[in-house]
Amino acid sequence: MELLLPESVGRPIRTICGRIREAGGRAYLVGGCVRDLLLAVPTQEFDLEVFSLDAPTLENLFPKALDFVGKCYGIYRFRNLPIDIGLPREERPTGPGHRDFAVRVDSNLPLETAAARRDFTVNAIYWDPLEGELVDPFGGGEDLKNRTLRHVSNHFPEDPLRVLRAMQLAARFRFSIDPRTVRLCRSLSAKNISSERICGEFLKLVLRGEAIGSGLEFLRQCDWLRFFPELAALVDCPQDPVFHPEGSVWEHVKLAMDSFAESRPPELEDALVVGFAVLCHDFGKSLRTERGADGRIRTAGHGPAGVPLAERFLQNMRMPKEIVRAVLPLVAQHMVPRTFSRPAVATVGAVRRLAWEVGRIDRLLAVARCDNRGRALAAFDFSGEDRLEKLAKSEGLFRNPPVPLVRGRDLLDFLPQSPQLGLLLKKLFEEQLDGKFSSREEGLRLARESYVG
């Protein structure tokens with residue numbers, strides 16, 4: 001079977017495989033790259049597995065081209081190429097951690113034995129780029145046609161991270177997950193998975209997921225929400241059916257994340273910030289949901305209330321600090337854009353203050369629109385978001401916060417360094433946001449007349 005390799009790597013891969021064959025070995029592409037090639041979706045990384053060739057021979061074939069990725073695992077990477085190359089191996093767990101394995105590299109292992117250590121059948125398909133032969137020992141091709149994710153063997157529980165891998169693969173490729181695999185995942189624990197590895201799978205969910213809600217739902221089905229209490233608290237958290245006919249906060253967040261997947265910002269940092277802000281935006285409802293005397297459900301102040309929960313959720317998975325700092329104000333203020341539908345609220349001063357608080361109005365609007373669309377309603381009212389966008393653009397604040405026009409050094413000519421200097425700067429910035437001056441010169445004149453003279 002002939003699969004279509006990208007031009008940038010097709011010739012290098014065939015050259016590498018040819019040299020391996022001349023030396024008496026055989027190389028197969030395997031894993032996610034074969035899966036993606038069969039699905040005809042773009043793939044950026046390629047894994048080769050080499051049989052019947054020992055490590056010294058492989059190293060001598062490419063003496064200046066290989067870097068070690070994991071020497072004890074028999075894995076190398078080609079310099080300047082998105083290609084990893086490895087030897088078949090068997091692994092035996094020796095402890096609870098993902099590094100607690102005894103590894104035996106053996107290039108003479110039968111292919112089926114080597115494939116049995118892989119996670120899912122769709123990732124255990126081998127393809128020889130020279131011969132065009134597809135080797136599928138566990139029926140991954142049929143599972144791929146049926147969009148089913150199924151574990152390969154009884155080696156699956158050796159790395160519990162595979163549960164989160166199932167989460168993001170289900171979201172990326174709209175896979176359903178075999179009930180036997182769900183049951184097996186339910187028996188596993190995230191307790192010994194490092195925060196960094198957990199973060200890596202959530203990054204793939206947010207950055208590459210197409211049906212993110214289904215990936216999140218899998219976590220509920222296999223009882224892994226118990227490891228993410230901020231998400232678990234949303235499952236049975238009710239909402240007012242007038243505004244949220246979809247049901248619980250959990251159902252709403254899944255719909256909002258699916259909306260995000262449809263409108264994901266093209267820039268990486270924007271996608272990360274907006275995606276995680278949408279995921280966390282209603283955490284505060286678990287604390288602020290109340291039923292009034294009239295029977296209606298209300299969640300006053302749930303935006304700010306959710307900030308500590310979002311911070312804990314993100315910090316627990318070691319999310320980069322700059323991403324956390326950008327996400328939290330969006331969580332706090334995600335309800336504000338809809339208030340701009342009221343003329344009394346939609347003032348230039350309000351836009352300036354909001355831009356200062358959140359940093360990026362464009363990101364806040366992206367979160368608010370996903371929140372709005374994450375409801376089982378026939379139509380959505382975006383009048384507030386649209387008015388805020390128009391005002392922010394007219395003020396040059398759509399992607400940038402306001403910059404103080406008067407700084408400390410500007411005041412030192414007529415005001416000595418003192419604690420009052422900081423208080424005056426803060427007061428002047430408030431006046432600037434309120435529109436009482438619009439240039440440095442006007443601000444200095446106001447400072448002299450009102451606060452010094």
# chains A, B, ... in the order shown; residues from 1 in each chain; ligands from 1
call {"tool": "select_by_dssp", "arguments": {"residues": "segment 201-401 of chain A", "states": "strand (DSSP E)", "output": "list in words"}}
result
Glu290, Arg291, Ile297 and Arg298 of chain A
call {"tool": "select_by_dssp", "arguments": {"residues": "segment 2-204 of chain A", "states": "alpha helix (DSSP H)", "output": "MDAnalysis selection string"}}
result
chainID A and resid 7:22 32:39 55:61 111:115 140:145 161:173 179:186 195:204
call {"tool": "residues_around", "arguments": {"residues": "segment 438-442 of chain A", "least_positions_apart": "2", "cutoff": "6 Å", "atoms": "only C-alpha atoms", "output": "PyMOL selection string"}}
result
chain A and resi 405-406+444-445
call {"tool": "write_last_selection", "arguments": {"atoms": "C-alpha atoms", "output": "PDB file, in the first residue's frame"}}
result
ATOM      1  CA  LEU A 405       0.827  58.778  29.820  1.00  0.00           C
ATOM      2  CA  VAL A 406       2.531  60.179  32.929  1.00  0.00           C
ATOM      3  CA  LEU A 444       1.468  67.051  33.916  1.00  0.00           C
ATOM      4  CA  ARG A 445      -0.564  70.251  33.976  1.00  0.00           C
TER       5      ARG A 445
END
call {"tool": "residues_around", "arguments": {"residues": "segment 217-222 of chain A", "least_positions_apart": "4", "cutoff": "7 Å", "atoms": "only C-alpha atoms", "output": "ChimeraX atom specification"}}
result
/A:167,182-183,185-186,213
call {"tool": "write_last_selection", "arguments": {"atoms": "C-alpha atoms", "output": "compact mmCIF listing (two decimals), in the first residue's frame"}}
result
# COMPACT_ATOMS: atom_id res chain seq x y z
CA MET A 167 -8.76 11.87 26.03
CA VAL A 182 -12.93 2.55 29.20
CA ARG A 183 -13.23 -0.12 31.91
CA CYS A 185 -8.87 3.12 32.20
CA ARG A 186 -11.26 3.24 35.15
CA GLY A 213 -16.24 18.06 24.67
call {"tool": "closest_residue", "arguments": {"among": "A:Leu164, A:Asp223, A:Ala376, A:Phe313", "to": "Pro241 of chain A", "atoms": "only C-alpha atoms"}}
result
A:Ala376
call {"tool": "closest_residue", "arguments": {"among": "A:Lys145, A:Arg165, A:Lys427, A:Arg79", "to": "Phe120 of chain A", "atoms": "only C-alpha atoms"}}
result
A:Arg165
call {"tool": "residues_around", "arguments": {"residues": "segment 388-399 of chain A", "least_positions_apart": "3", "cutoff": "12 Å", "atoms": "only C-alpha atoms", "output": "ChimeraX atom specification"}}
result
/A:270,336-343,345-366,368-369,382-385,402-403,433,435,438
call {"tool": "decode", "arguments": {"residues": "segment 41-73 of chain A", "atoms": "N, CA and C atoms", "output": "compact mmCIF listing (two decimals), in the first residue's frame"}}
result
# COMPACT_ATOMS: atom_id res chain seq x y z
N VAL A 41 -4.36 13.13 7.19
CA VAL A 41 -4.27 14.39 7.92
C VAL A 41 -2.80 14.76 8.06
N PRO A 42 -2.48 16.05 8.17
CA PRO A 42 -1.07 16.45 8.26
C PRO A 42 -0.39 15.84 9.48
N THR A 43 0.85 15.43 9.29
CA THR A 43 1.65 14.92 10.41
C THR A 43 3.02 15.57 10.33
N GLN A 44 3.60 15.84 11.48
CA GLN A 44 4.85 16.60 11.52
C GLN A 44 6.02 15.81 12.09
N GLU A 45 5.76 14.66 12.72
CA GLU A 45 6.83 13.86 13.31
C GLU A 45 6.71 12.43 12.81
N PHE A 46 7.87 11.81 12.58
CA PHE A 46 7.90 10.49 11.99
C PHE A 46 8.79 9.57 12.84
N ASP A 47 8.26 8.40 13.13
CA ASP A 47 8.98 7.41 13.94
C ASP A 47 9.30 6.19 13.10
N LEU A 48 10.58 5.84 13.05
CA LEU A 48 11.02 4.63 12.37
C LEU A 48 11.44 3.60 13.42
N GLU A 49 11.05 2.36 13.21
CA GLU A 49 11.50 1.27 14.07
C GLU A 49 12.27 0.28 13.20
N VAL A 50 13.46 -0.08 13.67
CA VAL A 50 14.40 -0.86 12.86
C VAL A 50 14.56 -2.26 13.44
N PHE A 51 14.35 -3.26 12.62
CA PHE A 51 14.49 -4.65 13.02
C PHE A 51 15.74 -5.26 12.38
N SER A 52 16.31 -6.24 13.08
CA SER A 52 17.43 -7.05 12.56
C SER A 52 18.70 -6.24 12.37
N LEU A 53 18.86 -5.20 13.18
CA LEU A 53 20.07 -4.38 13.12
C LEU A 53 20.38 -3.90 14.53
N ASP A 54 21.59 -4.17 15.03
CA ASP A 54 21.88 -3.78 16.41
C ASP A 54 22.26 -2.30 16.49
N ALA A 55 22.34 -1.80 17.72
CA ALA A 55 22.57 -0.36 17.94
C ALA A 55 23.90 0.12 17.37
N PRO A 56 25.04 -0.58 17.60
CA PRO A 56 26.30 -0.09 17.02
C PRO A 56 26.26 0.02 15.50
N THR A 57 25.64 -0.97 14.84
CA THR A 57 25.55 -0.92 13.38
C THR A 57 24.71 0.27 12.93
N LEU A 58 23.59 0.49 13.63
CA LEU A 58 22.74 1.64 13.28
C LEU A 58 23.49 2.95 13.46
N GLU A 59 24.22 3.07 14.56
CA GLU A 59 24.98 4.30 14.81
C GLU A 59 26.07 4.51 13.76
N ASN A 60 26.70 3.42 13.34
CA ASN A 60 27.76 3.54 12.33
C ASN A 60 27.21 3.89 10.95
N LEU A 61 25.95 3.55 10.71
CA LEU A 61 25.35 3.90 9.42
C LEU A 61 25.15 5.41 9.28
N PHE A 62 24.90 6.06 10.40
CA PHE A 62 24.62 7.51 10.38
C PHE A 62 25.46 8.19 11.46
N PRO A 63 26.79 8.14 11.34
CA PRO A 63 27.66 8.58 12.44
C PRO A 63 27.56 10.05 12.80
N LYS A 64 27.20 10.90 11.86
CA LYS A 64 27.16 12.34 12.14
C LYS A 64 25.74 12.89 12.12
N ALA A 65 24.75 12.02 12.03
CA ALA A 65 23.38 12.50 11.84
C ALA A 65 22.47 12.22 13.02
N LEU A 66 22.92 11.39 13.97
CA LEU A 66 22.04 10.95 15.05
C LEU A 66 22.38 11.60 16.38
N ASP A 67 21.37 11.97 17.12
CA ASP A 67 21.50 12.38 18.52
C ASP A 67 20.72 11.39 19.36
N PHE A 68 21.23 11.10 20.55
CA PHE A 68 20.50 10.23 21.46
C PHE A 68 19.29 10.97 22.01
N VAL A 69 18.15 10.32 22.01
CA VAL A 69 16.97 10.80 22.73
C VAL A 69 16.83 10.02 24.02
N GLY A 70 17.00 8.73 23.93
CA GLY A 70 16.99 7.85 25.11
C GLY A 70 17.81 6.63 24.80
N LYS A 71 19.10 6.68 25.14
CA LYS A 71 19.99 5.60 24.73
C LYS A 71 19.55 4.26 25.32
N CYS A 72 19.11 4.28 26.59
CA CYS A 72 18.70 3.01 27.20
C CYS A 72 17.45 2.45 26.54
N TYR A 73 16.69 3.31 25.84
CA TYR A 73 15.49 2.85 25.13
C TYR A 73 15.79 2.55 23.66
